[in-house]
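Engineer: Dumping the structure here so I can ask a few things about it.
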Amino acid sequence: MTTKTISKKAFKEFVNAIIAAEKVIGVQAKGERFDFAELTSADDLRLDYDVTLQAPKKYFLPPCETLMTFEVGGGYQSHIADEPFVLLGVHPYDVVAIAQMDELFSQNNADVHYLKRRANATIVAVDVVTASKNVFASSMKTATTRTGFDILLTDIGNAYVMEIATEKGRKLAAQATATVASADDLAKRESIWKANEKGLNKHPLEVNPEYLGKLLDKAYDHPVWEEKAATCFSCGSCNLVCPTCYCFNVQDDVNWDLKTGQRGRAWDGCLLDGFAKVAGGHDFRKKRADRFRHRLYRKAKYVPAKIDGQIACVGCGRCVGACLPDIANPVSVYNRLVDDLGIG
Amino acid sequence: MCECCSVEKDIYLPQTATVQEARILNATEIFVRFGMDDGNFDYVPGQFVEVSIAGIGEAPLTIASSPTFTGGIDMVVRRIGNVTNAIHKLRPGDKIGIRGPLGNGMYPVAEARGRNVVFICGGIGLVPQRSFINYVLDNRDDYGDVAILLGTKDPSQRFLTEELEAWARRKDVIFIETVDKGDASWKGKVGVVTTLISEIKDTLAGAVVSVCGPPIMYKFVLMSLAEYNIPADDIYLNLERKMKCGVGKCGHCQINNVYVCVDGPVFKYSDLATLPEAI
Ligand SMILES: Cc1cc2nc3c(=O)[nH]c(=O)nc-3n(C[C@H](O)[C@H](O)[C@H](O)COP(=O)(O)OP(=O)(O)OC[C@H]3O[C@@H](n4cnc5c(N)ncnc54)[C@H](O)[C@@H]3O)c2cc1C
Ligand code: SF4
Ligand code: SF4
Ligand code: FES
């Protein structure tokens, strides 16, 4: 691991050099807000963004992707996307979310489609400069991260501190004109980390996240599920925008020749009506409150059991902004449970 | 094969198989026997496969034959939606795609040795248990008394009737059948399947009990079994849930934190006690 400092001017040149060499996805303005999109010039890159509309998961688990092609009456052929790219400007909480997905798609039955895309990506993370309206990453301990990226950038004013963590990162950084980071630069970075670890906290969680699993153990029949879900539209927006939601649907599609076709997968959401409904009409999670509860149990209990206790909510706050009736905020549910049930 | 992430297998990719036999059993059920084109297929009772009909999709279907049978792999399929209707159009020689075997295959073929075995089936719930039933019958001497209870909605929905008749003729099997609603031709019992449980009181003593049927049936069967003090450890339930991936990723089949596709579909009743969504 090496830590360097690169001036903002040299950084621009560096970004333009990578753009010339390979596909770069970077954070850009989209109206008043921000999103990841293919980058054609370093001038469009906005590393001072607050939060992106969509989570970067879409580059590893696209909203819609082909898994295989087939011929009716014949066999099936895997379709595996294979294009290297650089993902530029990922915030630490999203880096943590990607690391969780990496584990979930690798463990047990490894998913070659996800893993191939992931292996093709070089992740350049960036520490948060502007806190978004709803971020609560400090509560989830995801406001900063020391792992999960190939390069980490920290804006220290006129320059970036650039931590090069992996071989992939080293290869990429070879194109950058940077100097070894000074003790002063590192101290600046340290204070930014300290500030973010406290300050990205618009919805403070009243407990240590590690305690959430135990809290949910006694909350299954709590009235909060019915109360909150009473105004739920079952629109699935909270699933859609979430960097850690990964449920999907699988569907066939036949071409016009009626002989060939493809099987694809598309994002699905456990809040959507019919997510657990089988042919014949029986719905195993028919009530909105049951689906609402399922999402919050997945985030703080079910998925953590598969990833070493990590909470599968990284505090990005996207669902808070995406939910029209304003009920999706995990913190308001968890805090309510803490208030009612105590933490003993 | 993917070099950079060293994963070799595409877990979503079906292998081709060829239909050997396709026989319509009644208005809603078809029996299909198939063989894998590459010949490889090892499974245990309770496992299932994802069956692909190219262009239509995939559906999870139980392997209805026992691994003791080597003449092919059986399934019995009720037509109810897109894939299952397409399966009803299959003819010998047709190609299908198969992923699997999937699921943990938790039927206690070994643990049940030397003990009585009771099967309680509601309608199509006979199919997921047929593998275990045939396994026990093919190794009949290894097990104690065997009872099979079957409840069907009405006589027209019965299927695999020759097999049912063969079981009824066997001296070493208690086979009792009922229909919810009889018709002019029906000479047998009328009533729901739970009404048969009291008839096999003796067999139930110390038995391993396996149950499969529509969601509504489980509650009533479990209540009846409670009267006979069958330990929750000795009751096995085969649960159905919506499935898409069959390999623990897509989230559709979850019962609380459990994935039916990898942790089931067969569960010990005692393991379900902590899962409010199970029954
Ligand atoms: C482990 C397991 C074993 C099963 N074994 C049998 C069997 O031996 N015989 C039989 O007739 N049926 C069985 N079923 C039910 C069978 O899978 C559904 O009837 C079938 O998936 C319906 O698909 P469809 O395309 O015809 O219906 P559609 O309504 O068009 O369904 C679309 C898709 O939704 C999913 N889906 C819908 N209903 C179900 C369901 N009940 N269970 C799981 N996924 C569903 C499937 O992916 C299906 O392709 C089993 C289900 C499970 C979970
Ligand atoms: S649950 Fe909401 S706040 Fe938590 S990671 Fe998902 S979108 Fe972000
Ligand atoms: S909680 Fe909000 S965002 Fe989620 S499905 Fe309900 S209304 Fe939509
Ligand atoms: S069917 Fe996809 S997780 Fe079980």
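In the structure tokens, chains take letters A, B, ... by order of appearance, with residues numbered from 1 within each chain and ligands from 1 in the order shown.
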I want to know what sits within 12 Å of Ile80 (chain A), based on only C-alpha atoms, with residues of the same chain fewer than 4 positions away left out; could you give that as a VMD selection string?
Structural biologist: (chain A and resid 60 65 to 69 111 to 118 120 264) or (chain B and resid 1 to 2 9 to 10 12 to 13)
Engineer: For ligand 1, return the neighbouring residues as a PDB file with all heavy atoms, in the first residue's frame (distance at most 7 Å; only C-alpha atoms and all ligand atoms).
Structural biologist:
ATOM      1  N   LYS A 277     -45.625 -14.573  -4.415  1.00  0.00           N
ATOM      2  CA  LYS A 277     -46.880 -15.206  -4.846  1.00  0.00           C
ATOM      3  C   LYS A 277     -46.599 -16.323  -5.849  1.00  0.00           C
ATOM      4  O   LYS A 277     -45.854 -16.142  -6.802  1.00  0.00           O
ATOM      5  CB  LYS A 277     -47.746 -14.140  -5.507  1.00  0.00           C
ATOM      6  CG  LYS A 277     -49.138 -14.584  -5.860  1.00  0.00           C
ATOM      7  CD  LYS A 277     -49.933 -13.343  -6.215  1.00  0.00           C
ATOM      8  CE  LYS A 277     -51.232 -13.643  -6.902  1.00  0.00           C
ATOM      9  NZ  LYS A 277     -51.908 -12.357  -7.178  1.00  0.00           N
ATOM     10  N   VAL A 278     -47.213 -17.474  -5.627  1.00  0.00           N
ATOM     11  CA  VAL A 278     -46.979 -18.610  -6.518  1.00  0.00           C
ATOM     12  C   VAL A 278     -48.134 -18.788  -7.489  1.00  0.00           C
ATOM     13  O   VAL A 278     -49.220 -18.237  -7.293  1.00  0.00           O
ATOM     14  CB  VAL A 278     -46.755 -19.926  -5.731  1.00  0.00           C
ATOM     15  CG1 VAL A 278     -45.480 -19.857  -4.918  1.00  0.00           C
ATOM     16  CG2 VAL A 278     -47.946 -20.246  -4.836  1.00  0.00           C
ATOM     17  N   ALA A 279     -47.875 -19.591  -8.511  1.00  0.00           N
ATOM     18  CA  ALA A 279     -48.919 -19.910  -9.481  1.00  0.00           C
ATOM     19  C   ALA A 279     -50.110 -20.499  -8.722  1.00  0.00           C
ATOM     20  O   ALA A 279     -49.929 -21.260  -7.779  1.00  0.00           O
ATOM     21  CB  ALA A 279     -48.389 -20.905 -10.504  1.00  0.00           C
ATOM     22  N   GLY A 280     -51.291 -20.151  -9.138  1.00  0.00           N
ATOM     23  CA  GLY A 280     -52.471 -20.607  -8.422  1.00  0.00           C
ATOM     24  C   GLY A 280     -52.962 -19.531  -7.463  1.00  0.00           C
ATOM     25  O   GLY A 280     -54.087 -19.590  -6.977  1.00  0.00           O
TER      26      GLY A 280
ATOM     27  N   PHE B  48     -34.995 -31.358  -5.837  1.00  0.00           N
ATOM     28  CA  PHE B  48     -35.805 -30.930  -6.968  1.00  0.00           C
ATOM     29  C   PHE B  48     -34.895 -30.448  -8.094  1.00  0.00           C
ATOM     30  O   PHE B  48     -33.672 -30.404  -7.944  1.00  0.00           O
ATOM     31  CB  PHE B  48     -36.783 -29.826  -6.542  1.00  0.00           C
ATOM     32  CG  PHE B  48     -36.131 -28.523  -6.148  1.00  0.00           C
ATOM     33  CD1 PHE B  48     -36.048 -27.475  -7.053  1.00  0.00           C
ATOM     34  CD2 PHE B  48     -35.600 -28.332  -4.879  1.00  0.00           C
ATOM     35  CE1 PHE B  48     -35.454 -26.263  -6.705  1.00  0.00           C
ATOM     36  CE2 PHE B  48     -35.009 -27.118  -4.518  1.00  0.00           C
ATOM     37  CZ  PHE B  48     -34.937 -26.085  -5.438  1.00  0.00           C
ATOM     38  N   GLY B  57     -39.537 -20.364 -19.861  1.00  0.00           N
ATOM     39  CA  GLY B  57     -38.938 -20.082 -18.559  1.00  0.00           C
ATOM     40  C   GLY B  57     -38.600 -21.354 -17.798  1.00  0.00           C
ATOM     41  O   GLY B  57     -38.471 -22.432 -18.378  1.00  0.00           O
ATOM     42  N   GLU B  58     -38.449 -21.171 -16.499  1.00  0.00           N
ATOM     43  CA  GLU B  58     -38.044 -22.269 -15.621  1.00  0.00           C
ATOM     44  C   GLU B  58     -39.055 -22.457 -14.517  1.00  0.00           C
ATOM     45  O   GLU B  58     -39.643 -21.483 -14.043  1.00  0.00           O
ATOM     46  CB  GLU B  58     -36.724 -21.909 -14.931  1.00  0.00           C
ATOM     47  CG  GLU B  58     -35.489 -22.272 -15.679  1.00  0.00           C
ATOM     48  CD  GLU B  58     -34.239 -22.033 -14.836  1.00  0.00           C
ATOM     49  OE1 GLU B  58     -34.133 -20.974 -14.204  1.00  0.00           O
ATOM     50  OE2 GLU B  58     -33.383 -22.927 -14.812  1.00  0.00           O
ATOM     51  N   ALA B  59     -39.213 -23.688 -14.045  1.00  0.00           N
ATOM     52  CA  ALA B  59     -40.054 -23.933 -12.878  1.00  0.00           C
ATOM     53  C   ALA B  59     -39.388 -25.002 -12.012  1.00  0.00           C
ATOM     54  O   ALA B  59     -38.820 -25.973 -12.529  1.00  0.00           O
ATOM     55  CB  ALA B  59     -41.434 -24.391 -13.300  1.00  0.00           C
ATOM     56  N   PRO B  60     -39.450 -24.833 -10.689  1.00  0.00           N
ATOM     57  CA  PRO B  60     -38.908 -25.853  -9.798  1.00  0.00           C
ATOM     58  C   PRO B  60     -39.871 -27.036  -9.721  1.00  0.00           C
ATOM     59  O   PRO B  60     -41.065 -26.845  -9.488  1.00  0.00           O
ATOM     60  CB  PRO B  60     -38.834 -25.125  -8.444  1.00  0.00           C
ATOM     61  CG  PRO B  60     -39.892 -24.068  -8.514  1.00  0.00           C
ATOM     62  CD  PRO B  60     -40.007 -23.676  -9.958  1.00  0.00           C
ATOM     63  N   LEU B  61     -39.351 -28.233  -9.904  1.00  0.00           N
ATOM     64  CA  LEU B  61     -40.204 -29.425  -9.850  1.00  0.00           C
ATOM     65  C   LEU B  61     -39.461 -30.528  -9.118  1.00  0.00           C
ATOM     66  O   LEU B  61     -38.263 -30.743  -9.336  1.00  0.00           O
ATOM     67  CB  LEU B  61     -40.569 -29.872 -11.270  1.00  0.00           C
ATOM     68  CG  LEU B  61     -41.451 -28.855 -12.017  1.00  0.00           C
ATOM     69  CD1 LEU B  61     -41.406 -29.083 -13.514  1.00  0.00           C
ATOM     70  CD2 LEU B  61     -42.893 -28.901 -11.508  1.00  0.00           C
ATOM     71  N   THR B  62     -40.180 -31.197  -8.254  1.00  0.00           N
ATOM     72  CA  THR B  62     -39.577 -32.257  -7.472  1.00  0.00           C
ATOM     73  C   THR B  62     -39.215 -33.448  -8.345  1.00  0.00           C
ATOM     74  O   THR B  62     -39.941 -33.777  -9.277  1.00  0.00           O
ATOM     75  CB  THR B  62     -40.581 -32.780  -6.434  1.00  0.00           C
ATOM     76  OG1 THR B  62     -41.169 -31.680  -5.807  1.00  0.00           O
ATOM     77  CG2 THR B  62     -39.913 -33.677  -5.432  1.00  0.00           C
ATOM     78  N   ILE B  63     -38.135 -34.085  -7.998  1.00  0.00           N
ATOM     79  CA  ILE B  63     -37.816 -35.347  -8.639  1.00  0.00           C
ATOM     80  C   ILE B  63     -38.724 -36.386  -7.997  1.00  0.00           C
ATOM     81  O   ILE B  63     -38.647 -36.629  -6.798  1.00  0.00           O
ATOM     82  CB  ILE B  63     -36.342 -35.719  -8.428  1.00  0.00           C
ATOM     83  CG1 ILE B  63     -35.455 -34.579  -8.926  1.00  0.00           C
ATOM     84  CG2 ILE B  63     -36.028 -37.043  -9.111  1.00  0.00           C
ATOM     85  CD1 ILE B  63     -34.003 -34.703  -8.488  1.00  0.00           C
ATOM     86  N   ALA B  64     -39.607 -36.976  -8.812  1.00  0.00           N
ATOM     87  CA  ALA B  64     -40.633 -37.855  -8.252  1.00  0.00           C
ATOM     88  C   ALA B  64     -40.195 -39.310  -8.235  1.00  0.00           C
ATOM     89  O   ALA B  64     -40.889 -40.157  -7.684  1.00  0.00           O
ATOM     90  CB  ALA B  64     -41.937 -37.695  -9.025  1.00  0.00           C
ATOM     91  N   MET B  75     -41.043 -36.858 -13.217  1.00  0.00           N
ATOM     92  CA  MET B  75     -41.731 -35.754 -12.553  1.00  0.00           C
ATOM     93  C   MET B  75     -43.213 -35.842 -12.890  1.00  0.00           C
ATOM     94  O   MET B  75     -43.600 -36.423 -13.901  1.00  0.00           O
ATOM     95  CB  MET B  75     -41.127 -34.398 -12.941  1.00  0.00           C
ATOM     96  CG  MET B  75     -40.996 -34.147 -14.418  1.00  0.00           C
ATOM     97  SD  MET B  75     -40.046 -32.623 -14.663  1.00  0.00           S
ATOM     98  CE  MET B  75     -40.178 -32.457 -16.440  1.00  0.00           C
ATOM     99  N   VAL B  76     -44.015 -35.306 -11.998  1.00  0.00           N
ATOM    100  CA  VAL B  76     -45.454 -35.215 -12.227  1.00  0.00           C
ATOM    101  C   VAL B  76     -45.796 -33.745 -12.087  1.00  0.00           C
ATOM    102  O   VAL B  76     -45.464 -33.126 -11.076  1.00  0.00           O
ATOM    103  CB  VAL B  76     -46.251 -36.059 -11.218  1.00  0.00           C
ATOM    104  CG1 VAL B  76     -47.752 -35.868 -11.433  1.00  0.00           C
ATOM    105  CG2 VAL B  76     -45.849 -37.523 -11.318  1.00  0.00           C
ATOM    106  N   VAL B  77     -46.409 -33.193 -13.125  1.00  0.00           N
ATOM    107  CA  VAL B  77     -46.542 -31.742 -13.184  1.00  0.00           C
ATOM    108  C   VAL B  77     -47.998 -31.323 -13.356  1.00  0.00           C
ATOM    109  O   VAL B  77     -48.697 -31.809 -14.256  1.00  0.00           O
ATOM    110  CB  VAL B  77     -45.704 -31.177 -14.352  1.00  0.00           C
ATOM    111  CG1 VAL B  77     -45.779 -29.650 -14.360  1.00  0.00           C
ATOM    112  CG2 VAL B  77     -44.259 -31.642 -14.246  1.00  0.00           C
ATOM    113  N   ARG B  78     -48.416 -30.436 -12.485  1.00  0.00           N
ATOM    114  CA  ARG B  78     -49.760 -29.863 -12.590  1.00  0.00           C
ATOM    115  C   ARG B  78     -49.711 -28.616 -13.464  1.00  0.00           C
ATOM    116  O   ARG B  78     -48.860 -27.749 -13.263  1.00  0.00           O
ATOM    117  CB  ARG B  78     -50.273 -29.511 -11.193  1.00  0.00           C
ATOM    118  CG  ARG B  78     -51.578 -28.735 -11.204  1.00  0.00           C
ATOM    119  CD  ARG B  78     -52.188 -28.645  -9.840  1.00  0.00           C
ATOM    120  NE  ARG B  78     -52.646 -29.964  -9.407  1.00  0.00           N
ATOM    121  CZ  ARG B  78     -53.245 -30.185  -8.225  1.00  0.00           C
ATOM    122  NH1 ARG B  78     -53.428 -29.179  -7.384  1.00  0.00           N
ATOM    123  NH2 ARG B  78     -53.645 -31.393  -7.897  1.00  0.00           N
ATOM    124  N   ARG B  79     -50.630 -28.516 -14.424  1.00  0.00           N
ATOM    125  CA  ARG B  79     -50.623 -27.321 -15.285  1.00  0.00           C
ATOM    126  C   ARG B  79     -51.328 -26.185 -14.562  1.00  0.00           C
ATOM    127  O   ARG B  79     -52.488 -26.290 -14.161  1.00  0.00           O
ATOM    128  CB  ARG B  79     -51.283 -27.623 -16.628  1.00  0.00           C
ATOM    129  CG  ARG B  79     -52.705 -28.142 -16.512  1.00  0.00           C
ATOM    130  CD  ARG B  79     -53.204 -28.726 -17.779  1.00  0.00           C
ATOM    131  NE  ARG B  79     -53.254 -27.726 -18.830  1.00  0.00           N
ATOM    132  CZ  ARG B  79     -53.635 -28.006 -20.055  1.00  0.00           C
ATOM    133  NH1 ARG B  79     -53.963 -29.241 -20.388  1.00  0.00           N
ATOM    134  NH2 ARG B  79     -53.690 -27.076 -20.946  1.00  0.00           N
ATOM    135  N   ILE B  80     -50.596 -25.108 -14.422  1.00  0.00           N
ATOM    136  CA  ILE B  80     -51.151 -24.009 -13.635  1.00  0.00           C
ATOM    137  C   ILE B  80     -50.669 -22.652 -14.140  1.00  0.00           C
ATOM    138  O   ILE B  80     -51.264 -21.628 -13.874  1.00  0.00           O
ATOM    139  CB  ILE B  80     -50.795 -24.212 -12.132  1.00  0.00           C
ATOM    140  CG1 ILE B  80     -51.546 -23.240 -11.225  1.00  0.00           C
ATOM    141  CG2 ILE B  80     -49.309 -24.116 -11.897  1.00  0.00           C
ATOM    142  CD1 ILE B  80     -51.679 -23.741  -9.815  1.00  0.00           C
ATOM    143  N   GLY B  81     -49.602 -22.640 -14.927  1.00  0.00           N
ATOM    144  CA  GLY B  81     -49.064 -21.372 -15.432  1.00  0.00           C
ATOM    145  C   GLY B  81     -48.291 -21.607 -16.713  1.00  0.00           C
ATOM    146  O   GLY B  81     -48.476 -22.625 -17.396  1.00  0.00           O
ATOM    147  N   ASN B  82     -47.391 -20.683 -17.033  1.00  0.00           N
ATOM    148  CA  ASN B  82     -46.708 -20.710 -18.331  1.00  0.00           C
ATOM    149  C   ASN B  82     -45.844 -21.950 -18.546  1.00  0.00           C
ATOM    150  O   ASN B  82     -45.994 -22.668 -19.524  1.00  0.00           O
ATOM    151  CB  ASN B  82     -45.836 -19.457 -18.466  1.00  0.00           C
ATOM    152  CG  ASN B  82     -46.696 -18.210 -18.509  1.00  0.00           C
ATOM    153  OD1 ASN B  82     -47.788 -18.224 -19.072  1.00  0.00           O
ATOM    154  ND2 ASN B  82     -46.221 -17.140 -17.909  1.00  0.00           N
ATOM    155  N   VAL B  83     -44.912 -22.172 -17.630  1.00  0.00           N
ATOM    156  CA  VAL B  83     -43.974 -23.274 -17.829  1.00  0.00           C
ATOM    157  C   VAL B  83     -44.683 -24.618 -17.719  1.00  0.00           C
ATOM    158  O   VAL B  83     -44.472 -25.527 -18.536  1.00  0.00           O
ATOM    159  CB  VAL B  83     -42.814 -23.198 -16.808  1.00  0.00           C
ATOM    160  CG1 VAL B  83     -41.876 -24.376 -16.983  1.00  0.00           C
ATOM    161  CG2 VAL B  83     -42.069 -21.881 -16.953  1.00  0.00           C
ATOM    162  N   THR B  84     -45.548 -24.746 -16.735  1.00  0.00           N
ATOM    163  CA  THR B  84     -46.202 -26.045 -16.527  1.00  0.00           C
ATOM    164  C   THR B  84     -47.143 -26.374 -17.687  1.00  0.00           C
ATOM    165  O   THR B  84     -47.262 -27.541 -18.079  1.00  0.00           O
ATOM    166  CB  THR B  84     -46.949 -26.062 -15.186  1.00  0.00           C
ATOM    167  OG1 THR B  84     -47.755 -24.891 -15.077  1.00  0.00           O
ATOM    168  CG2 THR B  84     -45.974 -26.104 -14.022  1.00  0.00           C
ATOM    169  N   ASN B  85     -47.760 -25.377 -18.282  1.00  0.00           N
ATOM    170  CA  ASN B  85     -48.583 -25.644 -19.465  1.00  0.00           C
ATOM    171  C   ASN B  85     -47.723 -26.088 -20.639  1.00  0.00           C
ATOM    172  O   ASN B  85     -48.111 -26.969 -21.406  1.00  0.00           O
ATOM    173  CB  ASN B  85     -49.419 -24.419 -19.844  1.00  0.00           C
ATOM    174  CG  ASN B  85     -50.787 -24.465 -19.181  1.00  0.00           C
ATOM    175  OD1 ASN B  85     -51.568 -25.384 -19.419  1.00  0.00           O
ATOM    176  ND2 ASN B  85     -51.055 -23.508 -18.313  1.00  0.00           N
ATOM    177  N   ILE B 124     -51.496 -32.973  -4.921  1.00  0.00           N
ATOM    178  CA  ILE B 124     -50.229 -33.053  -5.625  1.00  0.00           C
ATOM    179  C   ILE B 124     -49.062 -33.246  -4.653  1.00  0.00           C
ATOM    180  O   ILE B 124     -47.949 -33.582  -5.045  1.00  0.00           O
ATOM    181  CB  ILE B 124     -50.038 -31.828  -6.546  1.00  0.00           C
ATOM    182  CG1 ILE B 124     -48.773 -31.929  -7.420  1.00  0.00           C
ATOM    183  CG2 ILE B 124     -49.981 -30.538  -5.746  1.00  0.00           C
ATOM    184  CD1 ILE B 124     -49.038 -31.903  -8.861  1.00  0.00           C
ATOM    185  N   VAL B 127     -46.636 -36.095  -4.983  1.00  0.00           N
ATOM    186  CA  VAL B 127     -45.505 -36.122  -5.916  1.00  0.00           C
ATOM    187  C   VAL B 127     -44.160 -35.913  -5.207  1.00  0.00           C
ATOM    188  O   VAL B 127     -43.238 -36.713  -5.391  1.00  0.00           O
ATOM    189  CB  VAL B 127     -45.717 -35.090  -7.046  1.00  0.00           C
ATOM    190  CG1 VAL B 127     -44.506 -35.039  -7.956  1.00  0.00           C
ATOM    191  CG2 VAL B 127     -46.979 -35.437  -7.818  1.00  0.00           C
ATOM    192  N   PRO B 128     -44.029 -34.856  -4.398  1.00  0.00           N
ATOM    193  CA  PRO B 128     -42.736 -34.642  -3.730  1.00  0.00           C
ATOM    194  C   PRO B 128     -42.360 -35.774  -2.775  1.00  0.00           C
ATOM    195  O   PRO B 128     -41.197 -35.903  -2.404  1.00  0.00           O
ATOM    196  CB  PRO B 128     -42.951 -33.335  -2.955  1.00  0.00           C
ATOM    197  CG  PRO B 128     -44.061 -32.650  -3.676  1.00  0.00           C
ATOM    198  CD  PRO B 128     -44.952 -33.747  -4.157  1.00  0.00           C
ATOM    199  N   GLU B 240     -43.411 -25.460  -0.050  1.00  0.00           N
ATOM    200  CA  GLU B 240     -43.331 -24.854  -1.367  1.00  0.00           C
ATOM    201  C   GLU B 240     -43.237 -23.341  -1.216  1.00  0.00           C
ATOM    202  O   GLU B 240     -43.899 -22.757  -0.366  1.00  0.00           O
ATOM    203  CB  GLU B 240     -44.598 -25.209  -2.144  1.00  0.00           C
ATOM    204  CG  GLU B 240     -44.670 -24.563  -3.492  1.00  0.00           C
ATOM    205  CD  GLU B 240     -45.968 -24.891  -4.214  1.00  0.00           C
ATOM    206  OE1 GLU B 240     -46.974 -25.177  -3.568  1.00  0.00           O
ATOM    207  OE2 GLU B 240     -45.931 -24.842  -5.443  1.00  0.00           O
ATOM    208  N   ARG B 241     -42.424 -22.714  -1.998  1.00  0.00           N
ATOM    209  CA  ARG B 241     -42.354 -21.249  -2.054  1.00  0.00           C
ATOM    210  C   ARG B 241     -42.062 -20.855  -3.481  1.00  0.00           C
ATOM    211  O   ARG B 241     -41.562 -21.663  -4.262  1.00  0.00           O
ATOM    212  CB  ARG B 241     -41.228 -20.712  -1.143  1.00  0.00           C
ATOM    213  CG  ARG B 241     -41.543 -20.718   0.352  1.00  0.00           C
ATOM    214  CD  ARG B 241     -42.722 -19.842   0.719  1.00  0.00           C
ATOM    215  NE  ARG B 241     -42.992 -19.797   2.152  1.00  0.00           N
ATOM    216  CZ  ARG B 241     -43.709 -20.689   2.837  1.00  0.00           C
ATOM    217  NH1 ARG B 241     -44.209 -21.742   2.238  1.00  0.00           N
ATOM    218  NH2 ARG B 241     -43.923 -20.535   4.131  1.00  0.00           N
ATOM    219  N   LYS B 242     -42.334 -19.610  -3.783  1.00  0.00           N
ATOM    220  CA  LYS B 242     -41.969 -19.095  -5.101  1.00  0.00           C
ATOM    221  C   LYS B 242     -40.466 -19.204  -5.272  1.00  0.00           C
ATOM    222  O   LYS B 242     -39.705 -18.912  -4.354  1.00  0.00           O
ATOM    223  CB  LYS B 242     -42.397 -17.625  -5.169  1.00  0.00           C
ATOM    224  CG  LYS B 242     -41.804 -16.843  -6.312  1.00  0.00           C
ATOM    225  CD  LYS B 242     -42.788 -16.729  -7.458  1.00  0.00           C
ATOM    226  CE  LYS B 242     -42.467 -15.533  -8.335  1.00  0.00           C
ATOM    227  NZ  LYS B 242     -43.657 -14.771  -8.609  1.00  0.00           N
ATOM    228  N   MET B 243     -40.033 -19.653  -6.430  1.00  0.00           N
ATOM    229  CA  MET B 243     -38.595 -19.765  -6.668  1.00  0.00           C
ATOM    230  C   MET B 243     -38.233 -19.187  -8.018  1.00  0.00           C
ATOM    231  O   MET B 243     -39.014 -19.265  -8.964  1.00  0.00           O
ATOM    232  CB  MET B 243     -38.169 -21.226  -6.629  1.00  0.00           C
ATOM    233  CG  MET B 243     -38.155 -21.775  -5.235  1.00  0.00           C
ATOM    234  SD  MET B 243     -37.457 -23.419  -5.175  1.00  0.00           S
ATOM    235  CE  MET B 243     -37.765 -23.789  -3.461  1.00  0.00           C
ATOM    236  N   LYS B 244     -37.058 -18.648  -8.076  1.00  0.00           N
ATOM    237  CA  LYS B 244     -36.536 -18.171  -9.357  1.00  0.00           C
ATOM    238  C   LYS B 244     -35.161 -18.761  -9.619  1.00  0.00           C
ATOM    239  O   LYS B 244     -34.936 -19.391 -10.625  1.00  0.00           O
ATOM    240  CB  LYS B 244     -36.478 -16.638  -9.369  1.00  0.00           C
ATOM    241  CG  LYS B 244     -37.813 -16.001  -9.712  1.00  0.00           C
ATOM    242  CD  LYS B 244     -38.186 -16.294 -11.154  1.00  0.00           C
ATOM    243  CE  LYS B 244     -39.649 -16.014 -11.426  1.00  0.00           C
ATOM    244  NZ  LYS B 244     -40.023 -16.423 -12.785  1.00  0.00           N
ATOM    245  N   CYS B 261     -34.933 -23.006  -1.187  1.00  0.00           N
ATOM    246  CA  CYS B 261     -34.245 -23.665  -2.311  1.00  0.00           C
ATOM    247  C   CYS B 261     -32.934 -24.325  -1.895  1.00  0.00           C
ATOM    248  O   CYS B 261     -32.524 -25.301  -2.522  1.00  0.00           O
ATOM    249  CB  CYS B 261     -34.008 -22.688  -3.443  1.00  0.00           C
ATOM    250  SG  CYS B 261     -32.862 -21.349  -3.060  1.00  0.00           S
ATOM    251  N   PRO B 265     -36.186 -28.178   0.172  1.00  0.00           N
ATOM    252  CA  PRO B 265     -37.554 -27.843   0.593  1.00  0.00           C
ATOM    253  C   PRO B 265     -38.074 -28.722   1.726  1.00  0.00           C
ATOM    254  O   PRO B 265     -39.146 -28.473   2.246  1.00  0.00           O
ATOM    255  CB  PRO B 265     -38.378 -28.067  -0.679  1.00  0.00           C
ATOM    256  CG  PRO B 265     -37.610 -29.103  -1.442  1.00  0.00           C
ATOM    257  CD  PRO B 265     -36.165 -28.862  -1.136  1.00  0.00           C
TER     258      PRO B 265
END
Engineer: Using only C-alpha atoms and all ligand atoms, find each protein or nucleic acid residue lying at most 6 Å from ligand 4; present the set as a list in words.
Structural biologist: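 My answer, listing the contacting residues, is Met243, Lys244, Cys245, Gly246, Val247, Gly248, Lys249, Cys250, Gly251, His252, Cys253, Tyr259, Val260 and Cys261 of chain B.
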Engineer: Generate a file of the selected residues that holds C-alpha atoms, formatted as a PDB file, in the first residue's frame.
Structural biologist:
ATOM      1  CA  MET B 243     -38.595 -19.765  -6.668  1.00  0.00           C
ATOM      2  CA  LYS B 244     -36.536 -18.171  -9.357  1.00  0.00           C
ATOM      3  CA  CYS B 245     -32.847 -18.957  -8.983  1.00  0.00           C
ATOM      4  CA  GLY B 246     -32.991 -22.164  -6.952  1.00  0.00           C
ATOM      5  CA  VAL B 247     -29.506 -21.467  -5.584  1.00  0.00           C
ATOM      6  CA  GLY B 248     -29.970 -19.061  -2.680  1.00  0.00           C
ATOM      7  CA  LYS B 249     -29.507 -15.737  -4.443  1.00  0.00           C
ATOM      8  CA  CYS B 250     -32.740 -14.240  -5.789  1.00  0.00           C
ATOM      9  CA  GLY B 251     -34.561 -14.010  -2.461  1.00  0.00           C
ATOM     10  CA  HIS B 252     -37.941 -15.259  -3.643  1.00  0.00           C
ATOM     11  CA  CYS B 253     -38.166 -18.433  -1.599  1.00  0.00           C
ATOM     12  CA  TYR B 259     -33.929 -20.201   1.874  1.00  0.00           C
ATOM     13  CA  VAL B 260     -36.265 -23.017   0.847  1.00  0.00           C
ATOM     14  CA  CYS B 261     -34.245 -23.665  -2.311  1.00  0.00           C
TER      15      CYS B 261
END
